[in-house]
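One structure is given here, and the rest of the page talks about it.
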Amino acid sequence: MRKIFLTIAVMFCFISTSLAAEFAAIKLPPPDMKGGKPLMQCLKDRKTDRSFSTKKLPVEVLSNLLWAAAGINRPDSGKRTAPSAKNWQDVAVYVAMADGLYLYNAKTHSLDPVLKADLRGETTHFLQPSRSSIEAAPLQLIYVADYSKMTIATSAENKLLYSGADSAFIAQNVYLYCASEGLATGIRAMLDKTGLAKDMKLRDQQKVVFAQAVGYPE
Ligand SMILES: Cc1cc2nc3c(=O)[nH]c(=O)nc-3n(C[C@H](O)[C@H](O)[C@H](O)COP(=O)(O)O)c2cc1C
């Protein structure tokens, strides 16, 4: 009898370890800060796309994309590639992929696992044109503002304004990186923010601002 219990316990440990291993943090390689097209060419090519190939992005591209979006570019101060009001760094970049939802951790330049569920389909609205083509993208960035970080912006109007501006700076960095690399991207404000916040298990003070698809052109 003891032997059976022992075998079951060992099997249980093995299964839970392999399940945990499946959905672990993704350590990103250091970003390549030397590459890319000249800025004027990126501005010339920047555009919104609404159709994507299902092809996944290599981890090197993911690393460069997230660093461009909101990485630390001044390690002494911990400041980022995108500005934020009062340096609140109130906007977190969540990454929805087929295998789960991750949170970009700029300090460790890695993706921290949040939920083992594919939420890409929850980032579009039923009225969104080209909905299914957008959902084909391997990656949906979800910008989430943490209102509790905006310590002196007391009015709801200011919180909305600052979180919108801070998210838009990140989004534009993504647009320019994608233009530089020949990737497709498109930002969306039209999405079921309340439903998505619920699916992401966000706190009350965390607000979904925009979603932005990234992938290869179809
Ligand atoms: C704040 C903001 C919200 C947007 N929301 C959506 C959206 O919900 N759905 C969509 O298809 N495009 C959305 N867009 C993309 C715009 O439609 C697009 O930027 C505009 O048509 C101009 O095209 P361009 O980006 O290629 O210059 C949004 C853009 C911004 C700046």
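Labels used: A, B, ... for chains in the order of the structure tokens, numbers from 1 for residues in each chain, and numbers from 1 for ligands as shown.
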Ligand 1: which residues are within 6 Å, counting only C-alpha atoms and all ligand atoms? Reply as a PyMOL selection string. chain A and resi 47-48+187-190
Written selection (C-alpha atoms) as a tab-separated table (two decimals), in the first residue's frame:
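Output (out_1.tsv):
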chain	number	residue	atom	x	y	z
A	47	LYS	CA	0.95	52.21	-40.97
A	48	THR	CA	-1.92	50.29	-39.40
A	187	ILE	CA	-3.55	49.50	-32.52
A	188	ARG	CA	-7.15	49.19	-31.33
A	189	ALA	CA	-9.17	51.09	-28.77
A	190	MET	CA	-12.36	49.30	-29.80
Mind listing the alpha helix (DSSP H) residues of chain A, per DSSP on the backbone, as JSON, numbers by chain? {"A": [2, 3, 4, 5, 6, 7, 8, 9, 10, 11, 12, 13, 14, 15, 16, 17, 18, 19, 20, 21, 22, 39, 40, 41, 42, 43, 44, 45, 59, 60, 61, 62, 63, 64, 65, 66, 67, 68, 69, 70, 131, 132, 133, 134, 135, 156, 157, 158, 159, 160, 161, 162, 163, 164, 165, 166, 167, 168, 169, 170, 171, 172, 173, 174, 175, 176, 177, 178, 179, 180, 181, 193, 194, 195, 196, 197, 198, 199]}
Between A:Lys27, A:Arg131, A:His109, A:Lys86, smallest distance to Ala213 of chain A by only C-alpha atoms belongs to A:Arg131
Residues within 8 Å of segment 138-153 of chain A, only C-alpha atoms, excluding chain neighbours under 4 positions, as a compact mmCIF listing (two decimals) with N, CA and C atoms, in the first residue's frame:
# COMPACT_ATOMS: atom_id res chain seq x y z
N SER A 53 -0.20 37.19 -40.78
CA SER A 53 0.12 35.77 -40.94
C SER A 53 0.10 35.15 -39.54
N THR A 54 -0.11 33.84 -39.47
CA THR A 54 -0.11 33.18 -38.15
C THR A 54 1.31 32.83 -37.70
N LYS A 55 2.28 33.06 -38.58
CA LYS A 55 3.69 32.71 -38.26
C LYS A 55 4.16 33.40 -36.97
N LYS A 56 4.80 32.59 -36.10
CA LYS A 56 5.26 33.12 -34.81
C LYS A 56 6.49 34.01 -34.96
N LEU A 57 6.70 34.90 -33.99
CA LEU A 57 7.88 35.77 -34.02
C LEU A 57 9.02 35.06 -33.29
N TRP A 88 5.79 57.90 -13.93
CA TRP A 88 5.01 56.94 -13.14
C TRP A 88 5.18 55.50 -13.66
N GLN A 89 5.51 55.40 -14.95
CA GLN A 89 5.61 54.08 -15.60
C GLN A 89 4.36 53.27 -15.27
N ASP A 90 3.24 53.96 -15.49
CA ASP A 90 1.94 53.42 -15.08
C ASP A 90 1.38 52.37 -16.04
N VAL A 91 1.95 52.30 -17.26
CA VAL A 91 1.37 51.38 -18.25
C VAL A 91 2.21 50.11 -18.36
N ALA A 92 1.57 48.98 -18.09
CA ALA A 92 2.23 47.68 -18.21
C ALA A 92 1.90 47.09 -19.58
N VAL A 93 2.89 46.39 -20.14
CA VAL A 93 2.68 45.76 -21.45
C VAL A 93 2.46 44.26 -21.22
N TYR A 94 1.23 43.83 -21.42
CA TYR A 94 0.91 42.40 -21.36
C TYR A 94 1.04 41.84 -22.78
N VAL A 95 1.42 40.58 -22.87
CA VAL A 95 1.61 39.95 -24.17
C VAL A 95 0.75 38.69 -24.23
N ALA A 96 -0.27 38.74 -25.11
CA ALA A 96 -1.15 37.56 -25.27
C ALA A 96 -0.65 36.75 -26.45
N MET A 97 -0.29 35.50 -26.17
CA MET A 97 0.17 34.60 -27.24
C MET A 97 -0.65 33.31 -27.14
N ALA A 98 -0.43 32.40 -28.11
CA ALA A 98 -1.23 31.17 -28.14
C ALA A 98 -1.09 30.37 -26.84
N ARG A 120 -5.98 35.97 -27.06
CA ARG A 120 -5.89 36.85 -28.25
C ARG A 120 -7.27 37.17 -28.82
N THR A 123 -9.28 40.14 -27.40
CA THR A 123 -8.78 41.51 -27.54
C THR A 123 -9.46 42.26 -28.69
N ASN A 158 -7.96 63.26 -15.61
CA ASN A 158 -6.49 63.26 -15.74
C ASN A 158 -5.94 61.84 -15.86
N LYS A 159 -6.51 60.93 -15.10
CA LYS A 159 -6.03 59.55 -15.14
C LYS A 159 -6.24 58.96 -16.55
N SER A 163 -3.04 58.06 -18.90
CA SER A 163 -2.87 56.64 -19.28
C SER A 163 -2.99 56.47 -20.80
N SER A 167 0.24 55.21 -22.93
CA SER A 167 0.08 54.00 -23.76
C SER A 167 0.41 54.32 -25.22
N GLN A 205 -8.00 48.81 -9.95
CA GLN A 205 -7.22 50.00 -10.33
C GLN A 205 -6.47 49.81 -11.66
N GLN A 206 -6.52 48.61 -12.20
CA GLN A 206 -5.84 48.34 -13.48
C GLN A 206 -6.86 48.45 -14.61
N LYS A 207 -6.55 49.29 -15.60
CA LYS A 207 -7.49 49.55 -16.70
C LYS A 207 -6.87 49.20 -18.06
N VAL A 208 -7.60 48.42 -18.83
CA VAL A 208 -7.15 48.13 -20.20
C VAL A 208 -7.30 49.40 -21.02
N VAL A 209 -6.24 49.80 -21.73
CA VAL A 209 -6.30 51.03 -22.52
C VAL A 209 -6.43 50.70 -24.02
N PHE A 210 -5.44 50.03 -24.57
CA PHE A 210 -5.46 49.64 -25.99
C PHE A 210 -4.94 48.23 -26.14
N ALA A 211 -5.22 47.65 -27.31
CA ALA A 211 -4.56 46.40 -27.71
C ALA A 211 -3.86 46.70 -29.04
N GLN A 212 -2.78 45.99 -29.29
CA GLN A 212 -2.02 46.21 -30.54
C GLN A 212 -1.52 44.86 -31.04
N ALA A 213 -1.97 44.50 -32.23
CA ALA A 213 -1.54 43.24 -32.83
C ALA A 213 -0.17 43.42 -33.47
N VAL A 214 0.65 42.37 -33.38
CA VAL A 214 1.96 42.38 -34.06
C VAL A 214 2.19 41.00 -34.69
N GLY A 215 2.69 41.02 -35.92
CA GLY A 215 3.00 39.76 -36.58
C GLY A 215 3.63 40.03 -37.93
Non-local contacts of Pro217 of chain A (9 Å; only C-alpha atoms; under 2 positions in same chain excluded) as a ChimeraX atom specification: /A:49,51-53,182-185,215
Take the residues from that selection and put them in a file with N, CA and C atoms, as an mmCIF file, in the first residue's frame.
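Everything below was put into out.cif:
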data_model
loop_
_atom_site.group_PDB
_atom_site.id
_atom_site.type_symbol
_atom_site.label_atom_id
_atom_site.label_comp_id
_atom_site.auth_asym_id
_atom_site.auth_seq_id
_atom_site.Cartn_x
_atom_site.Cartn_y
_atom_site.Cartn_z
ATOM 1 N N ASP A 49 -2.035 47.908 -39.843
ATOM 2 C CA ASP A 49 -2.413 46.700 -40.590
ATOM 3 C C ASP A 49 -3.558 46.000 -39.878
ATOM 4 N N SER A 51 -4.454 42.670 -41.236
ATOM 5 C CA SER A 51 -4.370 41.242 -41.572
ATOM 6 C C SER A 51 -2.944 40.760 -41.326
ATOM 7 N N PHE A 52 -2.875 39.568 -40.753
ATOM 8 C CA PHE A 52 -1.610 39.048 -40.238
ATOM 9 C C PHE A 52 -1.450 37.587 -40.613
ATOM 10 N N SER A 53 -0.200 37.188 -40.785
ATOM 11 C CA SER A 53 0.118 35.766 -40.942
ATOM 12 C C SER A 53 0.105 35.152 -39.538
ATOM 13 N N GLY A 182 9.768 45.437 -41.067
ATOM 14 C CA GLY A 182 8.836 44.871 -42.046
ATOM 15 C C GLY A 182 7.767 44.017 -41.399
ATOM 16 N N LEU A 183 7.455 44.306 -40.124
ATOM 17 C CA LEU A 183 6.380 43.574 -39.432
ATOM 18 C C LEU A 183 5.068 44.335 -39.600
ATOM 19 N N ALA A 184 3.961 43.602 -39.407
ATOM 20 C CA ALA A 184 2.637 44.229 -39.470
ATOM 21 C C ALA A 184 2.180 44.546 -38.047
ATOM 22 N N THR A 185 1.485 45.650 -37.890
ATOM 23 C CA THR A 185 0.963 46.007 -36.571
ATOM 24 C C THR A 185 -0.265 46.899 -36.707
ATOM 25 N N GLY A 215 2.685 41.025 -35.919
ATOM 26 C CA GLY A 215 2.996 39.756 -36.581
ATOM 27 C C GLY A 215 3.629 40.034 -37.928
#
